[in-house]
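Asker: What follows is a single structure, and I will ask about it in a moment.
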Amino acid sequence: MKNDNYQLLVVHQVESGVQLVQLNRPEALNALTTELLAELSDVMDNAEVSDDIRVLVLTGNSKAFAAGADINEMAERDLVGMLNDPRQQYWQSITRFSKPVIAAINGYCLGGGCELAMHADILIAGRDAQFGQPEINLGIMPGAGGTQRLLRAVGKSLTMQMVLTGLPITAQQAKDAGLISEITQPELTVTRALSLASVIASKGSLAVRLAKESILKGMDTDLATGLRFERHAFTVLAGTDDRNEGIQAFKEKRRPKFTGR
């Protein structure tokens, strides 16, 4: 079932703590317009405060996850328009989302689409997926994290190659470089992402949230600071009901019943 409140997204009913969100501009290979980003930002803001949603799965269609930003819309913005670009606040909302996001990627994942995929915590790709930052071909450069997130994911050399040439890489190259975690048959990409999401959703939500935050903190700071943050988060969890339930369930050899408290 889908939520009909959105025009450019298909938002499926939550099942077992997992919500599937599908970009839905097939006629434009899911190119990211301001309206689409606004809708996605709204979905994630609602998911952030929902106790029913523990993991979000984001996907496109068989031809494209998203082929980039909408070029026609971009052409209408001059320097002042870019400075006042409302998309910045939508990207910030997507970045702030604290729950796990899994991207299920088939076909083209280029430009803004690749940048959106890199906002996810786990990336699963079909064998036909292509990843790239082709902005240089238009006389511009990535502007929604493409130089920074790609650098942290695949390192300097491959980032330079992808950004400066505009040439895409294959799913296998992306996996070898560490950009994605798994490759599947294209028709199984969403199924695999939903399966992983269900596993994560079955865990204690507080532990999942703090673990994600700790990993992201480690990407942006030195080792000593990251270790201090990790220890603090680990200590905080010692005071939760979920921690007590997890330990008790282990002792009793049963499946834990986490409540998020």
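Chain labels follow the order of the structure tokens: the first chain is A, the next B, and so on; residue numbering restarts at 1 in every chain, and ligands are counted from 1 in their shown order.
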Set the distance at 7 Å and use only C-alpha atoms: which residues neighbour stretch 224-236 of chain A once local chain neighbours fewer than 3 positions away are removed? I'd like the list as a list in words.
Answerer: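 My list of contacting residues is Leu210, Ser214, Lys217, Gly218, Thr221 and Gly239 of chain A.
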Asker: I'd like the contact shell of stretch 10-17 of chain A - 9 Å cut-off, only C-alpha atoms, skipping same-chain residues fewer than 3 positions apart - returned as a compact mmCIF listing (two decimals) with N, CA and C atoms, in the first residue's frame.
Answerer:
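Ended up saving to out.txt:
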```txt
# COMPACT_ATOMS: atom_id res chain seq x y z
N MET A 1 0.84 -1.20 0.00
CA MET A 1 0.00 0.00 0.00
C MET A 1 0.88 1.25 0.00
N LYS A 2 0.38 2.33 -0.58
CA LYS A 2 1.17 3.55 -0.62
C LYS A 2 0.39 4.71 -0.02
N ASN A 3 1.14 5.72 0.38
CA ASN A 3 0.58 6.96 0.87
C ASN A 3 0.38 7.89 -0.31
N ASP A 4 -0.84 8.38 -0.52
CA ASP A 4 -1.17 9.19 -1.69
C ASP A 4 -0.94 10.68 -1.48
N ASN A 5 -0.31 11.07 -0.37
CA ASN A 5 -0.08 12.49 -0.10
C ASN A 5 1.06 13.06 -0.91
N TYR A 6 1.83 12.22 -1.56
CA TYR A 6 3.02 12.67 -2.30
C TYR A 6 2.85 12.43 -3.79
N GLN A 7 3.36 13.36 -4.59
CA GLN A 7 3.24 13.28 -6.04
C GLN A 7 4.46 12.63 -6.69
N LEU A 20 9.29 1.60 3.11
CA LEU A 20 9.89 1.66 1.78
C LEU A 20 9.44 2.93 1.09
N VAL A 21 10.40 3.71 0.60
CA VAL A 21 10.12 4.96 -0.10
C VAL A 21 10.75 4.87 -1.48
N GLN A 22 9.93 5.11 -2.53
CA GLN A 22 10.40 4.97 -3.90
C GLN A 22 10.32 6.30 -4.62
N LEU A 23 11.46 6.73 -5.20
CA LEU A 23 11.45 7.93 -6.04
C LEU A 23 10.61 7.63 -7.27
N ASN A 24 9.76 8.58 -7.67
CA ASN A 24 8.76 8.26 -8.70
C ASN A 24 8.65 9.34 -9.76
N VAL A 43 8.93 13.30 4.28
CA VAL A 43 8.80 11.89 4.66
C VAL A 43 9.76 11.55 5.80
N ASP A 51 7.23 6.36 16.13
CA ASP A 51 7.69 5.19 16.87
C ASP A 51 7.54 3.91 16.06
N ASP A 52 6.70 3.96 15.03
CA ASP A 52 6.45 2.76 14.21
C ASP A 52 7.56 2.51 13.18
N ILE A 53 8.26 3.56 12.79
CA ILE A 53 9.29 3.44 11.76
C ILE A 53 10.66 3.39 12.41
N ARG A 54 11.37 2.29 12.18
CA ARG A 54 12.70 2.12 12.75
C ARG A 54 13.80 2.11 11.70
N VAL A 55 13.44 1.77 10.45
CA VAL A 55 14.40 1.76 9.35
C VAL A 55 13.70 2.23 8.09
N LEU A 56 14.42 3.02 7.27
CA LEU A 56 13.89 3.50 6.00
C LEU A 56 14.67 2.85 4.86
N ALA A 197 16.81 -4.50 6.37
CA ALA A 197 16.08 -3.53 7.19
C ALA A 197 15.28 -4.21 8.28
N SER A 198 14.67 -5.35 7.96
CA SER A 198 13.88 -6.08 8.95
C SER A 198 14.77 -6.59 10.08
N ALA A 201 15.55 -3.56 12.19
CA ALA A 201 14.35 -3.11 12.91
C ALA A 201 14.02 -3.99 14.10
N SER A 202 14.51 -5.23 14.10
CA SER A 202 14.23 -6.14 15.21
C SER A 202 15.14 -5.87 16.41
```
Asker: Excluding stretch 139-144 of chain A and any residue of its chain fewer than 4 positions from it, enumerate the residues within 9 Å of it, using only C-alpha atoms, and give them as a short mmCIF file (atom, residue, chain, number, x, y, z; two decimals) with N, CA, C and O atoms, in the first residue's frame.
Answerer:
```cif
data_model
loop_
_atom_site.label_atom_id
_atom_site.label_comp_id
_atom_site.auth_asym_id
_atom_site.auth_seq_id
_atom_site.Cartn_x
_atom_site.Cartn_y
_atom_site.Cartn_z
N GLN A 88 18.96 23.40 -0.16
CA GLN A 88 19.95 23.25 0.90
C GLN A 88 19.31 22.78 2.20
O GLN A 88 19.85 21.91 2.90
N TRP A 91 18.33 19.05 1.91
CA TRP A 91 19.50 18.19 2.08
C TRP A 91 19.90 18.11 3.55
O TRP A 91 20.28 17.04 4.04
N GLY A 111 25.34 11.92 -10.19
CA GLY A 111 25.20 13.30 -9.75
C GLY A 111 24.50 13.38 -8.41
O GLY A 111 24.91 12.76 -7.42
N GLY A 112 23.41 14.16 -8.37
CA GLY A 112 22.64 14.29 -7.15
C GLY A 112 22.08 12.96 -6.66
O GLY A 112 21.88 12.76 -5.46
N GLU A 115 24.83 11.39 -4.77
CA GLU A 115 24.95 12.11 -3.50
C GLU A 115 23.83 11.69 -2.54
O GLU A 115 24.06 11.52 -1.34
N LEU A 116 22.62 11.52 -3.06
CA LEU A 116 21.52 11.06 -2.21
C LEU A 116 21.80 9.66 -1.69
O LEU A 116 21.59 9.38 -0.50
N GLN A 133 29.68 10.99 -10.76
CA GLN A 133 29.48 12.42 -10.50
C GLN A 133 29.84 13.16 -11.79
O GLN A 133 30.95 13.67 -11.94
N PRO A 134 28.90 13.25 -12.73
CA PRO A 134 29.21 13.81 -14.06
C PRO A 134 29.04 15.32 -14.17
O PRO A 134 29.02 15.86 -15.28
N GLU A 135 28.95 16.02 -13.04
CA GLU A 135 28.69 17.46 -13.09
C GLU A 135 29.73 18.22 -13.90
O GLU A 135 29.42 19.25 -14.50
N GLN A 148 32.86 15.36 -0.85
CA GLN A 148 33.22 15.03 0.52
C GLN A 148 32.84 13.61 0.94
O GLN A 148 33.65 12.87 1.49
N VAL A 163 35.18 12.53 -10.20
CA VAL A 163 34.71 13.92 -10.23
C VAL A 163 35.32 14.70 -11.38
O VAL A 163 34.64 15.49 -12.05
N LEU A 164 36.61 14.48 -11.66
CA LEU A 164 37.29 15.28 -12.68
C LEU A 164 37.05 14.79 -14.11
O LEU A 164 37.14 15.57 -15.05
#
```
Asker: Enter the distance from atom CA of A:Leu110 to atom CA of A:Val18, in Å, rounded to one decimal.
Answerer: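 According to the coordinates, atom CA of A:Leu110 and atom CA of A:Val18 are separated by 25.8 Å.
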Asker: Could you pull out the alpha helix (DSSP H) residues of stretch 4-64 of chain A from DSSP and send them as a list in words?
Answerer: Thr34, Glu35, Leu36, Leu37, Ala38, Glu39, Leu40, Ser41, Asp42, Val43, Met44, Asp45, Asn46, Ala47 and Glu48 of chain A
Asker: Would you pick out the contacts of A:Gly260 at 6 Å or less, using only C-alpha atoms, so that residues sharing its chain but fewer than 5 positions from it are not included, and give the list as JSON, numbers by chain?
Answerer: {"A": [204, 205, 206]}
Asker: Could you give me, as a PyMOL selection string, the residues within 12 Å of A:Ala174, counting only C-alpha atoms and dropping anything in the same chain fewer than 4 positions from it?
Answerer: chain A and resi 105+109+114+118+123-132+150+153-155+158-159+162+168-170+178-183
Asker: What does the file look like for those residues with C-alpha atoms, as a PDB file, in the first residue's frame?
Answerer:
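Saved file part-v9.pdb follows:
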```pdb
ATOM      1  CA  ILE A 105      20.047   0.946  -6.195  1.00  0.00           C
ATOM      2  CA  CYS A 109      22.966   6.536  -9.738  1.00  0.00           C
ATOM      3  CA  CYS A 114      24.774   9.407  -6.161  1.00  0.00           C
ATOM      4  CA  MET A 118      25.654   8.320  -0.118  1.00  0.00           C
ATOM      5  CA  LEU A 123      24.011   0.750  -0.029  1.00  0.00           C
ATOM      6  CA  ILE A 124      22.816  -2.357  -1.868  1.00  0.00           C
ATOM      7  CA  ALA A 125      23.168  -2.324  -5.660  1.00  0.00           C
ATOM      8  CA  GLY A 126      22.065  -4.431  -8.582  1.00  0.00           C
ATOM      9  CA  ARG A 127      24.731  -5.646 -10.977  1.00  0.00           C
ATOM     10  CA  ASP A 128      23.571  -3.118 -13.568  1.00  0.00           C
ATOM     11  CA  ALA A 129      24.050  -0.095 -11.313  1.00  0.00           C
ATOM     12  CA  GLN A 130      26.345   2.749 -12.375  1.00  0.00           C
ATOM     13  CA  PHE A 131      27.721   5.336  -9.962  1.00  0.00           C
ATOM     14  CA  GLY A 132      29.113   8.677 -11.020  1.00  0.00           C
ATOM     15  CA  LEU A 150      32.744  10.160  -1.994  1.00  0.00           C
ATOM     16  CA  ALA A 153      33.925   6.346   0.982  1.00  0.00           C
ATOM     17  CA  VAL A 154      36.431   5.511  -1.769  1.00  0.00           C
ATOM     18  CA  GLY A 155      39.527   7.634  -1.115  1.00  0.00           C
ATOM     19  CA  LEU A 158      39.056   7.314  -7.258  1.00  0.00           C
ATOM     20  CA  THR A 159      37.185  10.415  -6.104  1.00  0.00           C
ATOM     21  CA  MET A 162      35.171  10.198 -10.913  1.00  0.00           C
ATOM     22  CA  PRO A 168      30.880   6.434 -13.984  1.00  0.00           C
ATOM     23  CA  ILE A 169      32.010   3.242 -12.279  1.00  0.00           C
ATOM     24  CA  THR A 170      30.283  -0.136 -12.225  1.00  0.00           C
ATOM     25  CA  GLY A 178      33.907   0.420  -0.458  1.00  0.00           C
ATOM     26  CA  LEU A 179      31.092   2.634  -1.749  1.00  0.00           C
ATOM     27  CA  ILE A 180      28.478  -0.128  -1.504  1.00  0.00           C
ATOM     28  CA  SER A 181      28.249  -3.184   0.728  1.00  0.00           C
ATOM     29  CA  GLU A 182      26.569  -5.775  -1.521  1.00  0.00           C
ATOM     30  CA  ILE A 183      25.743  -6.564  -5.142  1.00  0.00           C
TER      31      ILE A 183
END
```
Asker: To one decimal place, how far is atom CA of A:Ala104 from atom CA of A:His119 in Å?
Answerer: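 Rounded to one decimal, the two atoms are 12.4 Å apart.
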Asker: Which parts of stretch 116-154 of chain A does DSSP call strand (DSSP E) when run on the backbone here, written out as an MDAnalysis selection string?
Answerer: chainID A and resid 122:126 130:132
Asker: For A:Val49, which residue out of A:Ser62, A:Phe97, A:Gln19, A:Arg87 is the nearest one, using only C-alpha atoms?
Answerer: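 Result for the nearest residue to A:Val49: A:Phe97.
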